[in-house]
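Asker: The following block contains the structure, expressed as structure tokens.
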Amino acid sequence: MSKIKFVFVGVFVIASGLLLILWLMPNPINPPVQRQLAWDSPQTKQLWDRACNDCHSNTTYWPIYAKLPIVSNIIVDHVNEGRKEFNISVPTRKSANNLSNEIEKEILKNKMPLTDYTWLHPAARLSDAEKKALIDGMKITLQNSR
Ligand code: HEC
């Protein structure tokens, strides 16, 4: 085997080993879901899932890179802070009206979803029409949910 091939195989083996370790590490545990929203339409749920669900619910999808040191701290902090702010998976005392208004404000000011999230999740970028559909849909959904 030539030297260059040897190096190539070595790098491949080490990279595979690291990936395997990441894959074997457990994801952060999602707390139990205690509340289901009464979605007004599949479209609202789909937009919500694309743009907001990972940080404002207990059904977060954890990507494999969320297990990397440092990166993992940033992501877990975002999710914990987002959940603290509001979490659709737990009962809330906030009125549906107040929450819908906050959601509308954050989306229209382009503060939500967070930009470092949309950078890694291009699907979370919403067009103006999608923003409006999500805002309107969440108003009805939160109104209909207990
Ligand atoms: C990457 C994680 C993340 C995503 C995705 C995300 N949020 Fe947030 N959200 C946060 C964090 C962290 C906070 C608290 C800090 C802040 O306000 O910046 C927050 C705060 C909020 C607040 C309260 C703001 C306030 O100051 O009262 C609302 C409302 C909100 N988010 C709505 C949304 C909506 C709607 C979406 C989807 C369009 C969304 N968020 C997507 C992390 C996220």
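Ordered as shown in the structure tokens, chains take letters A, B, and onward, while each chain numbers its residues from 1 and ligands are numbered from 1 in the order shown.
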Taking only C-alpha atoms and all ligand atoms into account, which residues are within 6 Å of ligand 1, as a PyMOL selection string?

Answerer: chain A and resi 51-52+54-55+78-79+81-82+85+102-103+106-107+112-114+117

Asker: Grab the residues selected above and save them as an mmCIF file, in the first residue's frame with C-alpha atoms.

Answerer:
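So the final result, stored in again_36.cif, reads:
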data_model
loop_
_atom_site.group_PDB
_atom_site.id
_atom_site.type_symbol
_atom_site.label_atom_id
_atom_site.label_comp_id
_atom_site.auth_asym_id
_atom_site.auth_seq_id
_atom_site.Cartn_x
_atom_site.Cartn_y
_atom_site.Cartn_z
ATOM 1 C CA ALA A 51 -40.054 26.355 12.179
ATOM 2 C CA CYS A 52 -40.826 26.199 15.894
ATOM 3 C CA ASP A 54 -37.750 21.852 18.145
ATOM 4 C CA CYS A 55 -37.482 24.624 20.769
ATOM 5 C CA HIS A 78 -31.645 27.195 23.180
ATOM 6 C CA VAL A 79 -34.140 24.400 23.629
ATOM 7 C CA GLU A 81 -34.797 28.593 27.100
ATOM 8 C CA GLY A 82 -37.346 28.217 24.340
ATOM 9 C CA GLU A 85 -40.644 30.816 27.357
ATOM 10 C CA GLU A 102 -46.606 37.108 21.114
ATOM 11 C CA ILE A 103 -46.158 34.515 18.400
ATOM 12 C CA GLU A 106 -41.967 37.414 17.109
ATOM 13 C CA ILE A 107 -42.590 36.018 13.629
ATOM 14 C CA MET A 112 -38.382 33.661 15.548
ATOM 15 C CA PRO A 113 -37.226 31.148 14.528
ATOM 16 C CA LEU A 114 -33.727 32.104 15.757
ATOM 17 C CA TYR A 117 -31.530 27.744 13.669
#

Asker: Determine, counting only C-alpha atoms, which protein, DNA and RNA residues have an atom within 7 Å of an atom of segment 57-64 of chain A; residues of the same chain fewer than 4 positions away are not included. Present the result as a PDB file with N, CA, C and O atoms, in the first residue's frame.

Answerer:
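So the final result, stored in around30.pdb, reads:
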ATOM      1  N   LEU A  22     -20.476   9.058  18.194  1.00  0.00           N
ATOM      2  CA  LEU A  22     -21.565  10.041  18.252  1.00  0.00           C
ATOM      3  C   LEU A  22     -22.915   9.345  18.163  1.00  0.00           C
ATOM      4  O   LEU A  22     -23.859   9.652  18.885  1.00  0.00           O
ATOM      5  N   TRP A  23     -22.992   8.383  17.217  1.00  0.00           N
ATOM      6  CA  TRP A  23     -24.253   7.707  16.961  1.00  0.00           C
ATOM      7  C   TRP A  23     -24.697   6.915  18.185  1.00  0.00           C
ATOM      8  O   TRP A  23     -25.878   6.832  18.509  1.00  0.00           O
ATOM      9  N   ASN A  27     -29.330  10.669  22.995  1.00  0.00           N
ATOM     10  CA  ASN A  27     -29.837  12.025  22.825  1.00  0.00           C
ATOM     11  C   ASN A  27     -30.267  12.560  24.175  1.00  0.00           C
ATOM     12  O   ASN A  27     -30.548  11.774  25.083  1.00  0.00           O
ATOM     13  N   ASN A  30     -36.261  13.925  26.033  1.00  0.00           N
ATOM     14  CA  ASN A  30     -37.384  14.853  25.938  1.00  0.00           C
ATOM     15  C   ASN A  30     -38.352  14.582  27.089  1.00  0.00           C
ATOM     16  O   ASN A  30     -38.745  13.443  27.303  1.00  0.00           O
ATOM     17  N   PRO A  31     -38.732  15.637  27.843  1.00  0.00           N
ATOM     18  CA  PRO A  31     -39.712  15.427  28.926  1.00  0.00           C
ATOM     19  C   PRO A  31     -41.050  14.936  28.337  1.00  0.00           C
ATOM     20  O   PRO A  31     -41.291  15.117  27.146  1.00  0.00           O
ATOM     21  N   PRO A  32     -41.901  14.339  29.174  1.00  0.00           N
ATOM     22  CA  PRO A  32     -43.157  13.777  28.651  1.00  0.00           C
ATOM     23  C   PRO A  32     -44.089  14.846  28.079  1.00  0.00           C
ATOM     24  O   PRO A  32     -44.069  16.003  28.524  1.00  0.00           O
ATOM     25  N   VAL A  33     -44.884  14.429  27.114  1.00  0.00           N
ATOM     26  CA  VAL A  33     -45.887  15.318  26.510  1.00  0.00           C
ATOM     27  C   VAL A  33     -47.156  15.237  27.351  1.00  0.00           C
ATOM     28  O   VAL A  33     -47.718  14.171  27.528  1.00  0.00           O
ATOM     29  N   ASN A  53     -41.159  23.843  16.377  1.00  0.00           N
ATOM     30  CA  ASN A  53     -41.358  22.731  17.310  1.00  0.00           C
ATOM     31  C   ASN A  53     -40.116  22.323  18.103  1.00  0.00           C
ATOM     32  O   ASN A  53     -40.222  21.968  19.273  1.00  0.00           O
ATOM     33  N   ARG A  83     -38.271  26.386  25.653  1.00  0.00           N
ATOM     34  CA  ARG A  83     -39.329  25.688  26.382  1.00  0.00           C
ATOM     35  C   ARG A  83     -39.797  26.489  27.582  1.00  0.00           C
ATOM     36  O   ARG A  83     -40.977  26.496  27.931  1.00  0.00           O
ATOM     37  N   ASN A  87     -44.155  26.339  25.885  1.00  0.00           N
ATOM     38  CA  ASN A  87     -43.967  24.938  25.512  1.00  0.00           C
ATOM     39  C   ASN A  87     -45.345  24.362  25.219  1.00  0.00           C
ATOM     40  O   ASN A  87     -46.182  24.283  26.117  1.00  0.00           O
ATOM     41  N   ILE A  88     -45.576  23.993  23.957  1.00  0.00           N
ATOM     42  CA  ILE A  88     -46.933  23.519  23.614  1.00  0.00           C
ATOM     43  C   ILE A  88     -47.232  22.145  24.215  1.00  0.00           C
ATOM     44  O   ILE A  88     -48.369  21.694  24.162  1.00  0.00           O
ATOM     45  N   SER A  89     -46.226  21.478  24.773  1.00  0.00           N
ATOM     46  CA  SER A  89     -46.438  20.117  25.293  1.00  0.00           C
ATOM     47  C   SER A  89     -46.842  20.083  26.766  1.00  0.00           C
ATOM     48  O   SER A  89     -47.020  19.008  27.320  1.00  0.00           O
TER      49      SER A  89
END

Asker: Under the rule that only C-alpha atoms are counted, which of A:Gln34, A:Thr44, A:Asn80, A:Ser145 is the nearest residue to His56 of chain A?

Answerer: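 So, comparing all the options, the nearest one is A:Asn80.
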
Asker: Please determine, counting only C-alpha atoms, which residue among A:Arg125, A:Arg50, A:Lys67, A:Lys5 has the shortest atom-to-atom distance to Leu24 of chain A.

Answerer: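 Under the stated criterion, the closest residue is A:Lys67.
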
Asker: Looking only at the backbone, which of the residues in segment 1-140 of chain A does DSSP tag as helix (DSSP H, G or I), as a PyMOL selection string?

Answerer: chain A and resi 3-24+42-51+64-67+71-85+96-108+115-120+122-124+128-140

Asker: Dump C-alpha atoms for the selected residues as a PDB file, in the first residue's frame?

Answerer:
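Okay, selection-v1.pdb is ready:
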ATOM      1  CA  LYS A   3       1.848   5.942   1.861  1.00  0.00           C
ATOM      2  CA  ILE A   4      -0.929   8.179   0.571  1.00  0.00           C
ATOM      3  CA  LYS A   5      -3.423   5.304   0.591  1.00  0.00           C
ATOM      4  CA  PHE A   6      -2.343   4.434   4.101  1.00  0.00           C
ATOM      5  CA  VAL A   7      -3.084   7.957   5.297  1.00  0.00           C
ATOM      6  CA  PHE A   8      -6.398   7.956   3.487  1.00  0.00           C
ATOM      7  CA  VAL A   9      -7.517   4.694   5.067  1.00  0.00           C
ATOM      8  CA  GLY A  10      -6.357   5.898   8.481  1.00  0.00           C
ATOM      9  CA  VAL A  11      -8.396   9.102   8.256  1.00  0.00           C
ATOM     10  CA  PHE A  12     -11.412   7.110   7.103  1.00  0.00           C
ATOM     11  CA  VAL A  13     -11.163   4.669  10.007  1.00  0.00           C
ATOM     12  CA  ILE A  14     -10.791   7.447  12.583  1.00  0.00           C
ATOM     13  CA  ALA A  15     -13.690   9.445  11.110  1.00  0.00           C
ATOM     14  CA  SER A  16     -15.924   6.368  11.072  1.00  0.00           C
ATOM     15  CA  GLY A  17     -14.985   5.602  14.657  1.00  0.00           C
ATOM     16  CA  LEU A  18     -15.888   9.128  15.777  1.00  0.00           C
ATOM     17  CA  LEU A  19     -19.198   8.982  13.909  1.00  0.00           C
ATOM     18  CA  LEU A  20     -19.974   5.626  15.516  1.00  0.00           C
ATOM     19  CA  ILE A  21     -19.278   7.070  18.970  1.00  0.00           C
ATOM     20  CA  LEU A  22     -21.565  10.041  18.252  1.00  0.00           C
ATOM     21  CA  TRP A  23     -24.253   7.707  16.961  1.00  0.00           C
ATOM     22  CA  LEU A  24     -24.039   5.511  20.070  1.00  0.00           C
ATOM     23  CA  PRO A  42     -52.429  19.805   8.885  1.00  0.00           C
ATOM     24  CA  GLN A  43     -50.803  22.838   7.244  1.00  0.00           C
ATOM     25  CA  THR A  44     -50.516  24.784  10.508  1.00  0.00           C
ATOM     26  CA  LYS A  45     -48.951  21.770  12.218  1.00  0.00           C
ATOM     27  CA  GLN A  46     -46.543  21.294   9.334  1.00  0.00           C
ATOM     28  CA  LEU A  47     -45.399  24.938   9.416  1.00  0.00           C
ATOM     29  CA  TRP A  48     -45.089  24.789  13.195  1.00  0.00           C
ATOM     30  CA  ASP A  49     -43.036  21.577  12.960  1.00  0.00           C
ATOM     31  CA  ARG A  50     -40.758  23.102  10.363  1.00  0.00           C
ATOM     32  CA  ALA A  51     -40.054  26.355  12.179  1.00  0.00           C
ATOM     33  CA  ILE A  64     -26.534  13.964  15.486  1.00  0.00           C
ATOM     34  CA  TYR A  65     -24.338  17.101  15.661  1.00  0.00           C
ATOM     35  CA  ALA A  66     -26.206  18.098  18.846  1.00  0.00           C
ATOM     36  CA  LYS A  67     -24.004  15.530  20.574  1.00  0.00           C
ATOM     37  CA  VAL A  71     -22.329  22.621  20.011  1.00  0.00           C
ATOM     38  CA  SER A  72     -24.395  20.452  22.318  1.00  0.00           C
ATOM     39  CA  ASN A  73     -24.341  23.101  25.071  1.00  0.00           C
ATOM     40  CA  ILE A  74     -25.527  25.807  22.694  1.00  0.00           C
ATOM     41  CA  ILE A  75     -28.362  23.686  21.334  1.00  0.00           C
ATOM     42  CA  VAL A  76     -29.529  22.381  24.708  1.00  0.00           C
ATOM     43  CA  ASP A  77     -29.524  25.961  26.086  1.00  0.00           C
ATOM     44  CA  HIS A  78     -31.645  27.195  23.180  1.00  0.00           C
ATOM     45  CA  VAL A  79     -34.140  24.400  23.629  1.00  0.00           C
ATOM     46  CA  ASN A  80     -34.351  24.834  27.410  1.00  0.00           C
ATOM     47  CA  GLU A  81     -34.797  28.593  27.100  1.00  0.00           C
ATOM     48  CA  GLY A  82     -37.346  28.217  24.340  1.00  0.00           C
ATOM     49  CA  ARG A  83     -39.329  25.688  26.382  1.00  0.00           C
ATOM     50  CA  LYS A  84     -39.213  27.963  29.424  1.00  0.00           C
ATOM     51  CA  GLU A  85     -40.644  30.816  27.357  1.00  0.00           C
ATOM     52  CA  ALA A  96     -54.528  31.770  23.983  1.00  0.00           C
ATOM     53  CA  ASN A  97     -54.896  35.431  22.984  1.00  0.00           C
ATOM     54  CA  ASN A  98     -51.723  36.613  24.687  1.00  0.00           C
ATOM     55  CA  LEU A  99     -49.703  33.738  23.331  1.00  0.00           C
ATOM     56  CA  SER A 100     -51.007  34.175  19.775  1.00  0.00           C
ATOM     57  CA  ASN A 101     -50.123  37.858  19.912  1.00  0.00           C
ATOM     58  CA  GLU A 102     -46.606  37.108  21.114  1.00  0.00           C
ATOM     59  CA  ILE A 103     -46.158  34.515  18.400  1.00  0.00           C
ATOM     60  CA  GLU A 104     -47.375  36.959  15.778  1.00  0.00           C
ATOM     61  CA  LYS A 105     -45.019  39.675  17.025  1.00  0.00           C
ATOM     62  CA  GLU A 106     -41.967  37.414  17.109  1.00  0.00           C
ATOM     63  CA  ILE A 107     -42.590  36.018  13.629  1.00  0.00           C
ATOM     64  CA  LEU A 108     -43.294  39.397  12.016  1.00  0.00           C
ATOM     65  CA  THR A 115     -31.360  32.856  12.872  1.00  0.00           C
ATOM     66  CA  ASP A 116     -28.746  30.319  13.907  1.00  0.00           C
ATOM     67  CA  TYR A 117     -31.530  27.744  13.669  1.00  0.00           C
ATOM     68  CA  THR A 118     -32.646  28.747  10.171  1.00  0.00           C
ATOM     69  CA  TRP A 119     -29.033  28.736   9.110  1.00  0.00           C
ATOM     70  CA  LEU A 120     -28.808  25.002   9.882  1.00  0.00           C
ATOM     71  CA  PRO A 122     -33.254  25.973   5.738  1.00  0.00           C
ATOM     72  CA  ALA A 123     -36.718  24.403   5.840  1.00  0.00           C
ATOM     73  CA  ALA A 124     -37.492  26.607   8.852  1.00  0.00           C
ATOM     74  CA  ASP A 128     -44.414  35.808   3.892  1.00  0.00           C
ATOM     75  CA  ALA A 129     -47.425  33.708   2.931  1.00  0.00           C
ATOM     76  CA  GLU A 130     -46.255  30.875   5.180  1.00  0.00           C
ATOM     77  CA  LYS A 131     -45.702  33.272   8.081  1.00  0.00           C
ATOM     78  CA  LYS A 132     -49.231  34.563   7.716  1.00  0.00           C
ATOM     79  CA  ALA A 133     -50.629  31.018   7.488  1.00  0.00           C
ATOM     80  CA  LEU A 134     -48.723  29.984  10.632  1.00  0.00           C
ATOM     81  CA  ILE A 135     -49.819  33.074  12.595  1.00  0.00           C
ATOM     82  CA  ASP A 136     -53.481  32.700  11.595  1.00  0.00           C
ATOM     83  CA  GLY A 137     -53.426  28.941  12.126  1.00  0.00           C
ATOM     84  CA  MET A 138     -51.854  29.224  15.594  1.00  0.00           C
ATOM     85  CA  LYS A 139     -54.545  31.729  16.628  1.00  0.00           C
ATOM     86  CA  ILE A 140     -57.309  29.215  15.918  1.00  0.00           C
TER      87      ILE A 140
END

Asker: Report, in Å with one decimal, the straight-line distance from atom CA of Lys94 of chain A to atom CA of Asp40 of chain A.

Answerer: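 Value for the atom CA of Lys94 of chain A-atom CA of Asp40 of chain A distance: 19.4 Å.
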
Asker: From the set A:Leu142, A:Ser2, A:His121, A:Lys109, which residue has the shortest atom-to-atom contact distance to Arg35 of chain A, counting only C-alpha atoms?

Answerer: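 For Arg35 of chain A, the nearest of the given residues is A:Leu142.
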